[in-house]
>>> print(open('entry_3.cif').read())   # mmCIF, C-alpha atoms
data_data
loop_
_atom_site.label_atom_id
_atom_site.label_comp_id
_atom_site.auth_asym_id
_atom_site.auth_seq_id
_atom_site.Cartn_x
_atom_site.Cartn_y
_atom_site.Cartn_z
CA MET P 1 -18.41 -63.45 -64.88
CA VAL P 2 -16.11 -66.49 -64.80
CA LYS P 3 -16.57 -69.98 -66.23
CA ILE P 4 -16.16 -72.77 -63.67
CA LEU P 5 -15.62 -76.47 -64.45
CA ILE P 6 -16.51 -79.09 -61.81
CA CYS P 7 -15.14 -82.55 -62.61
CA GLY P 8 -16.80 -85.42 -60.76
CA ALA P 9 -19.96 -83.30 -60.54
CA GLY P 10 -22.10 -86.42 -60.70
CA GLY P 11 -20.63 -87.60 -57.41
CA PHE P 12 -20.94 -86.52 -53.81
CA ILE P 13 -18.75 -83.48 -53.04
CA GLY P 14 -18.67 -82.36 -56.67
CA GLY P 15 -22.46 -82.47 -56.82
CA HIS P 16 -22.84 -80.41 -53.66
CA LEU P 17 -20.34 -77.83 -54.90
CA ALA P 18 -22.11 -77.54 -58.26
CA SER P 19 -25.44 -77.10 -56.47
CA ASN P 20 -23.89 -74.42 -54.27
CA PHE P 21 -22.53 -72.48 -57.23
CA LEU P 22 -25.76 -72.73 -59.19
CA LYS P 23 -27.80 -71.39 -56.27
CA GLU P 24 -25.57 -68.50 -55.35
CA SER P 25 -23.55 -67.56 -58.42
CA ASN P 26 -24.21 -65.83 -61.72
CA ASN P 27 -21.11 -67.46 -63.16
CA LYS P 28 -21.20 -70.03 -65.95
CA ILE P 29 -20.99 -73.58 -64.54
CA VAL P 30 -19.80 -76.61 -66.51
CA CYS P 31 -20.22 -80.10 -64.99
CA ALA P 32 -18.46 -83.31 -66.06
CA ASP P 33 -18.60 -86.90 -64.80
CA ILE P 34 -17.95 -90.36 -66.22
CA LYS P 35 -21.38 -91.65 -65.20
CA PRO P 36 -24.39 -91.32 -67.52
CA TYR P 37 -26.28 -88.15 -66.60
CA GLU P 38 -29.28 -90.02 -65.23
CA TYR P 39 -27.02 -91.60 -62.60
CA TRP P 40 -25.57 -88.34 -61.33
CA PHE P 41 -26.45 -87.89 -57.66
CA GLN P 42 -27.76 -84.43 -58.43
CA ASN P 43 -28.95 -83.23 -61.84
CA PHE P 44 -28.48 -79.66 -63.01
CA ASP P 45 -30.66 -78.14 -65.72
CA ASN P 46 -28.98 -74.73 -65.66
CA SER P 47 -25.41 -75.88 -66.25
CA GLU P 48 -23.51 -77.26 -69.24
CA ASN P 49 -23.21 -80.99 -68.57
CA TYR P 50 -20.87 -83.64 -70.00
CA SER P 51 -20.83 -87.40 -69.44
CA LEU P 52 -17.36 -88.51 -70.54
CA ASP P 53 -14.14 -90.18 -69.41
CA LEU P 54 -11.49 -87.68 -68.36
CA LYS P 55 -8.80 -90.36 -68.52
CA GLU P 56 -8.86 -89.48 -72.24
CA PHE P 57 -6.85 -86.32 -72.93
CA LYS P 58 -9.11 -85.18 -75.76
CA ASN P 59 -12.04 -85.08 -73.33
CA ALA P 60 -10.03 -83.00 -70.85
CA ILE P 61 -9.21 -80.56 -73.63
CA LYS P 62 -12.89 -80.40 -74.60
CA VAL P 63 -14.32 -79.61 -71.16
CA THR P 64 -11.60 -77.10 -70.19
CA LYS P 65 -12.03 -74.89 -73.26
CA ASP P 66 -12.67 -71.27 -72.19
CA ILE P 67 -12.69 -72.34 -68.51
CA ASP P 68 -11.32 -69.99 -65.85
CA TYR P 69 -11.45 -72.21 -62.75
CA ILE P 70 -11.21 -76.01 -62.55
CA PHE P 71 -12.33 -78.08 -59.55
CA ASN P 72 -11.18 -81.70 -59.80
CA PHE P 73 -13.14 -84.19 -57.66
CA ALA P 74 -13.06 -86.93 -60.30
CA CYS P 75 -11.53 -90.21 -59.16
CA ASN P 76 -12.33 -93.89 -58.83
CA MET P 77 -12.87 -94.57 -55.15
CA GLY P 78 -15.24 -95.58 -52.39
CA GLY P 79 -15.18 -96.79 -48.81
CA MET P 80 -12.41 -98.91 -47.29
CA GLY P 81 -13.74 -102.12 -48.81
CA PHE P 82 -13.45 -100.69 -52.31
CA ILE P 83 -10.06 -98.99 -52.09
CA GLU P 84 -8.37 -101.99 -50.44
CA ASN P 85 -9.60 -104.33 -53.17
CA ASN P 86 -9.19 -102.07 -56.21
CA LYS P 87 -5.73 -100.50 -55.86
CA ALA P 88 -4.90 -100.42 -59.57
CA GLU P 89 -8.27 -98.90 -60.47
CA CYS P 90 -7.78 -96.21 -57.84
CA MET P 91 -4.30 -95.38 -59.15
CA LEU P 92 -5.60 -94.94 -62.70
CA SER P 93 -7.26 -91.75 -61.47
CA VAL P 94 -3.83 -90.15 -61.82
CA LEU P 95 -4.63 -89.94 -65.53
CA VAL P 96 -7.61 -87.68 -64.81
CA ASN P 97 -5.63 -85.15 -62.80
CA THR P 98 -2.67 -85.28 -65.20
CA ASN P 99 -4.91 -84.67 -68.21
CA LEU P 100 -6.75 -81.81 -66.51
CA LEU P 101 -3.51 -80.11 -65.49
CA ARG P 102 -2.12 -80.43 -69.03
CA ALA P 103 -5.38 -79.18 -70.51
CA ALA P 104 -5.40 -76.26 -68.09
CA ILE P 105 -2.08 -75.11 -69.53
CA VAL P 106 -3.17 -75.62 -73.15
CA ASN P 107 -6.44 -73.72 -72.59
CA LYS P 108 -4.87 -71.06 -70.37
CA CYS P 109 -7.07 -71.71 -67.33
CA LYS P 110 -6.44 -69.43 -64.37
CA LYS P 111 -6.84 -71.59 -61.27
CA PHE P 112 -6.94 -75.32 -60.45
CA PHE P 113 -8.34 -77.11 -57.37
CA PHE P 114 -7.43 -80.71 -56.49
CA SER P 115 -9.33 -82.79 -53.93
CA SER P 116 -6.84 -84.95 -52.05
CA SER P 117 -7.44 -87.24 -49.09
CA ALA P 118 -6.35 -88.06 -45.55
CA CYS P 119 -5.29 -91.40 -47.05
CA VAL P 120 -2.02 -89.70 -48.02
CA TYR P 121 -0.80 -89.65 -44.40
CA ASN P 122 2.03 -91.81 -43.13
CA SER P 123 0.55 -95.06 -41.84
CA SER P 124 3.00 -95.28 -38.90
CA LYS P 125 1.20 -92.30 -37.33
CA GLN P 126 -2.15 -94.13 -37.52
CA SER P 127 -1.39 -97.46 -35.86
CA LYS P 128 -3.25 -96.83 -32.59
CA THR P 129 -6.79 -95.85 -31.69
CA PHE P 130 -7.35 -92.21 -30.69
CA VAL P 131 -4.16 -90.92 -32.26
CA ASN P 132 -3.10 -87.29 -32.31
CA GLY P 133 -4.68 -85.32 -35.11
CA LEU P 134 -2.68 -85.48 -38.34
CA LYS P 135 -0.87 -82.30 -39.33
CA GLU P 136 -0.20 -81.47 -42.95
CA GLU P 137 3.53 -82.22 -42.59
CA ASP P 138 2.73 -85.76 -41.39
CA ALA P 139 2.36 -86.92 -45.01
CA TYR P 140 6.17 -87.17 -45.17
CA PRO P 141 8.21 -89.32 -45.10
CA ALA P 142 5.71 -90.90 -47.47
CA ASP P 143 3.91 -94.12 -46.54
CA PRO P 144 0.30 -93.50 -47.62
CA GLU P 145 -2.65 -95.87 -48.10
CA ASP P 146 -1.57 -98.30 -50.81
CA GLY P 147 -3.06 -97.53 -54.22
CA TYR P 148 -5.53 -94.74 -53.54
CA GLY P 149 -3.31 -92.82 -51.11
CA TRP P 150 -0.28 -92.98 -53.40
CA GLU P 151 -2.32 -91.63 -56.32
CA LYS P 152 -3.54 -88.71 -54.23
CA LEU P 153 -0.06 -87.88 -52.93
CA PHE P 154 1.45 -88.06 -56.41
CA SER P 155 -1.30 -85.83 -57.80
CA GLU P 156 -0.65 -83.29 -55.03
CA ARG P 157 2.96 -83.12 -56.22
CA MET P 158 1.80 -82.71 -59.81
CA CYS P 159 -0.18 -79.63 -58.79
CA ARG P 160 2.81 -78.21 -56.96
CA HIS P 161 5.14 -78.66 -59.92
CA PHE P 162 2.63 -77.27 -62.43
CA THR P 163 2.56 -74.15 -60.27
CA GLU P 164 6.36 -74.00 -60.15
CA ASP P 165 7.01 -74.80 -63.82
CA PHE P 166 4.02 -73.28 -65.61
CA GLY P 167 2.68 -70.67 -63.20
CA LEU P 168 -0.73 -72.36 -62.88
CA GLU P 169 -2.32 -71.26 -59.62
CA THR P 170 -3.33 -74.40 -57.69
CA ARG P 171 -5.13 -75.23 -54.46
CA VAL P 172 -5.06 -78.61 -52.67
CA VAL P 173 -7.08 -79.87 -49.71
CA ARG P 174 -6.99 -83.20 -47.90
CA TYR P 175 -10.52 -84.31 -47.03
CA HIS P 176 -11.17 -86.37 -43.91
CA ASN P 177 -14.20 -88.66 -44.34
CA ILE P 178 -16.84 -86.37 -45.79
CA TYR P 179 -20.44 -87.52 -45.30
CA GLY P 180 -24.01 -86.31 -45.61
CA PRO P 181 -27.13 -86.49 -47.81
CA MET P 182 -27.05 -87.09 -51.57
CA GLY P 183 -24.30 -89.71 -51.49
CA THR P 184 -23.75 -93.46 -51.80
CA PHE P 185 -25.25 -95.47 -48.94
CA ASP P 186 -25.20 -99.01 -50.38
CA GLY P 187 -23.55 -101.04 -53.12
CA GLY P 188 -19.98 -101.41 -51.83
CA ARG P 189 -18.55 -97.89 -52.18
CA GLU P 190 -20.34 -96.24 -49.27
CA LYS P 191 -18.40 -94.97 -46.25
CA ALA P 192 -18.99 -95.78 -42.60
CA PRO P 193 -21.53 -93.07 -41.62
CA ALA P 194 -23.86 -93.87 -44.53
CA ALA P 195 -23.36 -97.63 -44.22
CA LEU P 196 -24.14 -97.65 -40.48
CA CYS P 197 -27.16 -95.36 -40.90
CA ARG P 198 -28.49 -97.71 -43.59
CA LYS P 199 -27.92 -100.81 -41.47
CA ILE P 200 -29.69 -99.39 -38.43
CA ILE P 201 -32.56 -97.98 -40.51
CA LEU P 202 -33.13 -101.40 -42.10
CA ALA P 203 -32.76 -103.21 -38.76
CA LYS P 204 -35.42 -100.97 -37.22
CA LYS P 205 -37.66 -101.26 -40.28
CA ASN P 206 -37.44 -105.07 -40.31
CA ASN P 207 -37.36 -105.50 -36.52
CA GLU P 208 -33.88 -107.05 -36.63
CA LYS P 209 -31.58 -106.88 -33.61
CA VAL P 210 -28.09 -107.42 -35.09
CA ILE P 211 -25.99 -105.49 -37.62
CA ASP P 212 -22.64 -106.44 -39.17
CA VAL P 213 -19.69 -104.22 -38.25
CA TRP P 214 -16.37 -104.37 -40.08
CA GLY P 215 -13.50 -104.89 -37.64
CA ASP P 216 -13.82 -104.75 -33.86
CA GLY P 217 -15.46 -101.31 -33.84
CA GLU P 218 -12.59 -99.74 -31.93
CA GLN P 219 -10.92 -98.19 -34.99
CA THR P 220 -11.30 -94.40 -34.91
CA ARG P 221 -11.89 -91.64 -37.44
CA SER P 222 -13.16 -88.08 -37.63
CA PHE P 223 -16.05 -87.28 -39.96
CA LEU P 224 -16.93 -83.95 -41.58
CA TYR P 225 -20.43 -82.98 -42.67
CA ILE P 226 -20.78 -81.94 -46.31
CA ASP P 227 -21.88 -78.33 -45.66
CA ASP P 228 -18.73 -77.68 -43.63
CA CYS P 229 -16.72 -79.37 -46.38
CA ILE P 230 -18.10 -77.04 -49.07
CA LYS P 231 -17.45 -73.99 -46.91
CA GLY P 232 -13.86 -75.11 -46.28
CA THR P 233 -13.34 -75.88 -49.97
CA LEU P 234 -14.40 -72.41 -51.05
CA ASP P 235 -12.50 -70.70 -48.24
CA VAL P 236 -9.27 -72.38 -49.37
CA PHE P 237 -9.96 -71.82 -53.07
CA ASN P 238 -10.70 -68.13 -52.62
CA SER P 239 -7.68 -67.51 -50.40
CA ASN P 240 -4.24 -66.46 -51.61
CA LYS P 241 -2.61 -69.46 -49.90
CA GLN P 242 -1.09 -72.22 -52.03
CA ASP P 243 -0.29 -74.60 -49.18
CA VAL P 244 -1.94 -78.01 -48.72
CA PHE P 245 -4.71 -77.90 -46.10
CA ASN P 246 -6.68 -80.39 -44.02
CA ILE P 247 -10.44 -80.08 -44.38
CA GLY P 248 -11.80 -82.33 -41.68
CA SER P 249 -13.17 -82.59 -38.16
CA GLU P 250 -11.14 -82.92 -34.98
CA GLU P 251 -14.02 -84.82 -33.28
CA GLN P 252 -12.44 -88.28 -33.25
CA VAL P 253 -14.74 -91.22 -32.47
CA SER P 254 -14.60 -94.99 -32.67
CA ILE P 255 -16.96 -96.87 -34.94
CA ASN P 256 -18.66 -98.24 -31.81
CA GLU P 257 -19.20 -94.68 -30.54
CA MET P 258 -20.65 -93.63 -33.88
CA ILE P 259 -23.06 -96.58 -33.77
CA LYS P 260 -24.19 -95.42 -30.33
CA ILE P 261 -24.89 -91.93 -31.71
CA ILE P 262 -26.92 -93.36 -34.60
CA GLU P 263 -28.84 -95.60 -32.18
CA GLU P 264 -29.82 -92.49 -30.22
CA ILE P 265 -30.97 -90.76 -33.42
CA ALA P 266 -32.94 -93.84 -34.47
CA ASP P 267 -34.20 -94.57 -30.96
CA TYR P 268 -33.32 -98.19 -31.68
CA LYS P 269 -30.64 -100.43 -30.13
CA VAL P 270 -28.76 -103.14 -32.01
CA LYS P 271 -26.19 -105.79 -31.24
CA LYS P 272 -22.96 -105.87 -33.24
CA ASN P 273 -21.66 -108.81 -35.25
CA TYR P 274 -17.99 -107.93 -35.59
CA GLN P 275 -16.45 -109.12 -38.87
CA LEU P 276 -12.73 -109.23 -38.20
CA ASP P 277 -11.84 -110.47 -41.70
CA LYS P 278 -13.23 -107.37 -43.44
CA PRO P 279 -11.06 -104.40 -44.57
CA LYS P 280 -10.48 -102.02 -41.68
CA GLY P 281 -7.89 -99.51 -42.90
CA VAL P 282 -5.63 -97.74 -40.41
CA ARG P 283 -6.32 -98.09 -36.70
CA GLY P 284 -6.87 -94.42 -35.96
CA ARG P 285 -7.11 -91.18 -37.95
CA SER P 286 -8.20 -87.62 -37.19
CA SER P 287 -7.58 -84.14 -38.54
CA ASP P 288 -5.48 -81.43 -36.93
CA ASN P 289 -6.99 -78.13 -38.12
CA THR P 290 -4.48 -75.78 -36.52
CA PHE P 291 -2.86 -74.80 -39.83
CA VAL P 292 -6.05 -74.22 -41.84
CA ASN P 293 -7.62 -72.27 -38.98
CA LYS P 294 -4.55 -70.06 -38.62
CA LYS P 295 -4.00 -69.43 -42.35
CA ILE P 296 -7.59 -69.47 -43.69
CA GLY P 297 -9.79 -69.05 -40.62
CA TRP P 298 -11.87 -72.13 -41.38
CA LYS P 299 -13.26 -74.58 -38.83
CA PRO P 300 -16.28 -76.94 -38.79
CA SER P 301 -19.59 -75.69 -37.43
CA LEU P 302 -21.61 -78.92 -36.97
CA THR P 303 -21.05 -81.68 -34.44
CA LEU P 304 -21.00 -85.30 -35.59
CA LYS P 305 -24.39 -85.94 -33.99
CA GLN P 306 -25.95 -82.97 -35.81
CA GLY P 307 -24.58 -84.13 -39.13
CA LEU P 308 -25.54 -87.75 -38.59
CA ALA P 309 -29.10 -86.73 -37.75
CA LYS P 310 -29.41 -84.98 -41.12
CA THR P 311 -27.78 -87.91 -42.92
CA TYR P 312 -29.94 -90.52 -41.17
CA SER P 313 -33.12 -88.62 -42.04
CA TRP P 314 -32.19 -88.38 -45.72
CA ILE P 315 -31.22 -92.06 -46.08
CA GLU P 316 -34.38 -93.13 -44.25
CA LYS P 317 -36.48 -91.14 -46.73
CA GLN P 318 -34.68 -92.74 -49.68
CA ILE P 319 -35.22 -96.25 -48.32
CA ASN P 320 -38.85 -95.65 -47.43
CA SER P 321 -39.77 -93.91 -50.68
CA ASN P 322 -37.58 -96.05 -52.94
CA SER P 323 -37.51 -93.09 -55.34
CA ASN P 324 -34.31 -92.82 -57.42
CA ILE P 325 -32.72 -95.21 -54.93
CA GLU P 326 -30.77 -97.06 -57.62
CA LYS P 327 -28.37 -94.24 -58.42
CA PHE P 328 -27.41 -93.87 -54.74
CA CYS P 329 -26.69 -97.59 -54.41
CA ILE P 330 -24.79 -98.50 -57.59
CA GLY P 331 -21.58 -96.88 -56.33
CA ASP P 332 -19.86 -93.62 -57.04
CA ILE P 333 -17.57 -93.87 -60.06
CA GLU P 334 -16.09 -90.38 -60.31
CA LYS P 335 -16.42 -88.40 -57.14
CA ASP P 336 -14.63 -87.13 -53.98
CA ASN P 337 -12.38 -88.91 -51.64
#
>>> encode(input="entry_3.cif", output="structure tokens")
Amino acid sequence: MVKILICGAGGFIGGHLASNFLKESNNKIVCADIKPYEYWFQNFDNSENYSLDLKEFKNAIKVTKDIDYIFNFACNMGGMGFIENNKAECMLSVLVNTNLLRAAIVNKCKKFFFSSSACVYNSSKQSKTFVNGLKEEDAYPADPEDGYGWEKLFSERMCRHFTEDFGLETRVVRYHNIYGPMGTFDGGREKAPAALCRKIILAKKNNEKVIDVWGDGEQTRSFLYIDDCIKGTLDVFNSNKQDVFNIGSEEQVSINEMIKIIEEIADYKVKKNYQLDKPKGVRGRSSDNTFVNKKIGWKPSLTLKQGLAKTYSWIEKQINSNSNIEKFCIGDIEKDN
């Protein structure tokens, strides 16, 4: 039996990973998040739970005591609107990863996982729509997303050097736009799939014909469903490979194309009010999974339409039932990328 710590467990990816471990594992699970427990996206009665700020070193020491494996998903982030307008707040997350790495050495933890982001990639390779998928080496020479991307890239290097200098076994993945049920879908930190599902659900519910779309809708991304994300996370963690890996989809679509898919799921058509003054991020981004498939054998199993159908159904139920809706709309304070 091993003792596993999941930081950012009150958020999206961390919550799904904790749920996965608690369903399938006899290991001891410890969960930590900065949010009060009642605002965690998923609540766990059969784990040891802490609501505390891991930017404080004493708290990192506390939660890592007797821990074998650490998964760090804790960071201050959200969708493009949040990270473009809160660069300093995003960069402060470096304190969380630094404290956890230091605490891992003090408490003799065996293995450390860091959740990085596609925002680390060089922006010059993302200036056009429908770009080539980003390979892991495309992060250098460094020119990442300002604020959030720099913090992630720096924290990747921290993991590398803690392995080199202290012998701490580390794993790093770069997530590409993870989405699915049990995540933020309103409040300013939600990402495009959840935001667009919400807008179309409400338009259909209120018989409205127009939704707001940030940018011109031609910007492209790839989106990975949460179940595939968890599988990829565990495949990398359990491997003997200490490289940095993409965990994302190669199914690149424009925002306009994603809206069309959601319209088909909803059986409801809308017109688009393009808001060109809103944050848009890079023009195009997608994952190249050649390296992770070759080294780990991982690849996604769900199409975007399959994942969006599941996500749409869950958000629609939340909106219609209004049960516990507040905690999915206040924003995700410590969670994944």
>>> residues_around(input="entry_3.cif", residues="Phe41 (chain P)", least_positions_apart="4", cutoff="9 Å", atoms="only C-alpha atoms", output="PyMOL selection string")
chain P and resi 9-12+15+37+182-184+327-328+332
>>> closest_residue(input="entry_3.cif", among="P:Lys191, P:Arg198, P:Lys231, P:Lys294", to="Trp314 (chain P)", atoms="only C-alpha atoms")
P:Arg198
>>> resolve_selection(input="entry_3.cif", expression="the PyMOL selection byres ((chain P and resi 281) around 8)", output="VMD selection string")
chain P and resid 80 84 279 to 280 282 to 283
>>> closest_residue(input="entry_3.cif", among="P:Phe130, P:Ile230, P:Ser117, P:Phe112", to="Gly14 (chain P)", atoms="only C-alpha atoms")
P:Ile230
>>> resolve_selection(input="entry_3.cif", expression="the PyMOL selection byres ((chain P and resi 108) around 10)", output="list in words")
Thr64, Lys65, Asp66, Ile67, Asp68, Arg102, Ala103, Ala104, Ile105, Val106, Asn107, Cys109, Lys110, Lys111 and Leu168 of chain P
>>> decode(input="entry_3.cif", residues="region 213-239 of chain P", atoms="N, CA, C and O atoms", output="short mmCIF file (atom, residue, chain, number, x, y, z; two decimals), in the first residue's frame")
data_model
loop_
_atom_site.label_atom_id
_atom_site.label_comp_id
_atom_site.auth_asym_id
_atom_site.auth_seq_id
_atom_site.Cartn_x
_atom_site.Cartn_y
_atom_site.Cartn_z
N VAL P 213 -19.34 35.31 -28.96
CA VAL P 213 -18.17 34.48 -29.22
C VAL P 213 -16.94 35.38 -29.16
O VAL P 213 -16.87 36.40 -29.85
N TRP P 214 -15.97 34.99 -28.35
CA TRP P 214 -14.73 35.77 -28.24
C TRP P 214 -13.88 35.58 -29.48
O TRP P 214 -13.60 34.45 -29.90
N GLY P 215 -13.45 36.69 -30.09
CA GLY P 215 -12.67 36.64 -31.31
C GLY P 215 -13.56 36.45 -32.53
O GLY P 215 -14.78 36.64 -32.48
N ASP P 216 -12.92 36.04 -33.64
CA ASP P 216 -13.67 35.85 -34.88
C ASP P 216 -14.11 34.41 -35.10
O ASP P 216 -14.70 34.08 -36.13
N GLY P 217 -13.81 33.54 -34.12
CA GLY P 217 -14.23 32.14 -34.21
C GLY P 217 -13.35 31.28 -35.08
O GLY P 217 -13.57 30.07 -35.17
N GLU P 218 -12.34 31.87 -35.71
CA GLU P 218 -11.46 31.10 -36.59
C GLU P 218 -10.23 30.56 -35.86
O GLU P 218 -9.48 29.75 -36.41
N GLN P 219 -9.98 31.05 -34.63
CA GLN P 219 -8.85 30.53 -33.86
C GLN P 219 -9.07 29.04 -33.58
O GLN P 219 -10.20 28.60 -33.38
N THR P 220 -8.00 28.26 -33.61
CA THR P 220 -8.12 26.80 -33.50
C THR P 220 -7.44 26.27 -32.25
O THR P 220 -6.49 26.86 -31.73
N ARG P 221 -7.95 25.13 -31.80
CA ARG P 221 -7.39 24.41 -30.66
C ARG P 221 -7.71 22.92 -30.85
O ARG P 221 -8.54 22.54 -31.67
N SER P 222 -7.07 22.09 -30.03
CA SER P 222 -7.52 20.71 -29.87
C SER P 222 -7.95 20.54 -28.42
O SER P 222 -7.38 21.18 -27.52
N PHE P 223 -8.94 19.69 -28.19
CA PHE P 223 -9.55 19.55 -26.87
C PHE P 223 -9.58 18.07 -26.49
O PHE P 223 -9.97 17.22 -27.29
N LEU P 224 -9.19 17.77 -25.24
CA LEU P 224 -9.09 16.39 -24.79
C LEU P 224 -10.09 16.12 -23.68
O LEU P 224 -10.13 16.85 -22.68
N TYR P 225 -10.87 15.07 -23.84
CA TYR P 225 -11.87 14.71 -22.83
C TYR P 225 -11.19 14.18 -21.57
O TYR P 225 -10.16 13.51 -21.62
N ILE P 226 -11.80 14.45 -20.43
CA ILE P 226 -11.19 14.18 -19.14
C ILE P 226 -10.83 12.71 -18.92
O ILE P 226 -9.79 12.40 -18.33
N ASP P 227 -11.64 11.77 -19.38
CA ASP P 227 -11.31 10.36 -19.18
C ASP P 227 -10.01 9.97 -19.89
O ASP P 227 -9.19 9.22 -19.35
N ASP P 228 -9.82 10.49 -21.11
CA ASP P 228 -8.57 10.25 -21.82
C ASP P 228 -7.40 10.92 -21.11
O ASP P 228 -6.28 10.39 -21.08
N CYS P 229 -7.66 12.09 -20.53
CA CYS P 229 -6.63 12.80 -19.77
C CYS P 229 -6.15 11.98 -18.57
O CYS P 229 -4.94 11.85 -18.33
N ILE P 230 -7.08 11.43 -17.81
CA ILE P 230 -6.73 10.63 -16.63
C ILE P 230 -5.95 9.39 -17.04
O ILE P 230 -4.95 9.02 -16.41
N LYS P 231 -6.38 8.74 -18.12
CA LYS P 231 -5.66 7.56 -18.60
C LYS P 231 -4.23 7.93 -19.00
O LYS P 231 -3.26 7.23 -18.65
N GLY P 232 -4.07 9.04 -19.73
CA GLY P 232 -2.75 9.47 -20.14
C GLY P 232 -1.87 9.85 -18.95
O GLY P 232 -0.68 9.55 -18.92
N THR P 233 -2.48 10.52 -17.97
CA THR P 233 -1.75 10.91 -16.76
C THR P 233 -1.17 9.69 -16.05
O THR P 233 0.01 9.65 -15.69
N LEU P 234 -1.99 8.68 -15.86
CA LEU P 234 -1.54 7.48 -15.14
C LEU P 234 -0.56 6.67 -15.98
O LEU P 234 0.38 6.08 -15.43
N ASP P 235 -0.76 6.64 -17.29
CA ASP P 235 0.18 5.92 -18.15
C ASP P 235 1.58 6.53 -18.06
O ASP P 235 2.59 5.82 -17.97
N VAL P 236 1.65 7.88 -18.07
CA VAL P 236 2.95 8.54 -17.95
C VAL P 236 3.53 8.34 -16.56
O VAL P 236 4.71 8.02 -16.40
N PHE P 237 2.70 8.51 -15.54
CA PHE P 237 3.19 8.39 -14.15
C PHE P 237 3.75 7.00 -13.88
O PHE P 237 4.78 6.85 -13.20
N ASN P 238 3.08 5.99 -14.38
CA ASN P 238 3.47 4.61 -14.08
C ASN P 238 4.58 4.09 -14.99
O ASN P 238 5.08 2.98 -14.77
N SER P 239 4.98 4.89 -15.98
CA SER P 239 6.04 4.47 -16.88
C SER P 239 7.40 4.74 -16.23
O SER P 239 7.50 5.37 -15.17
#
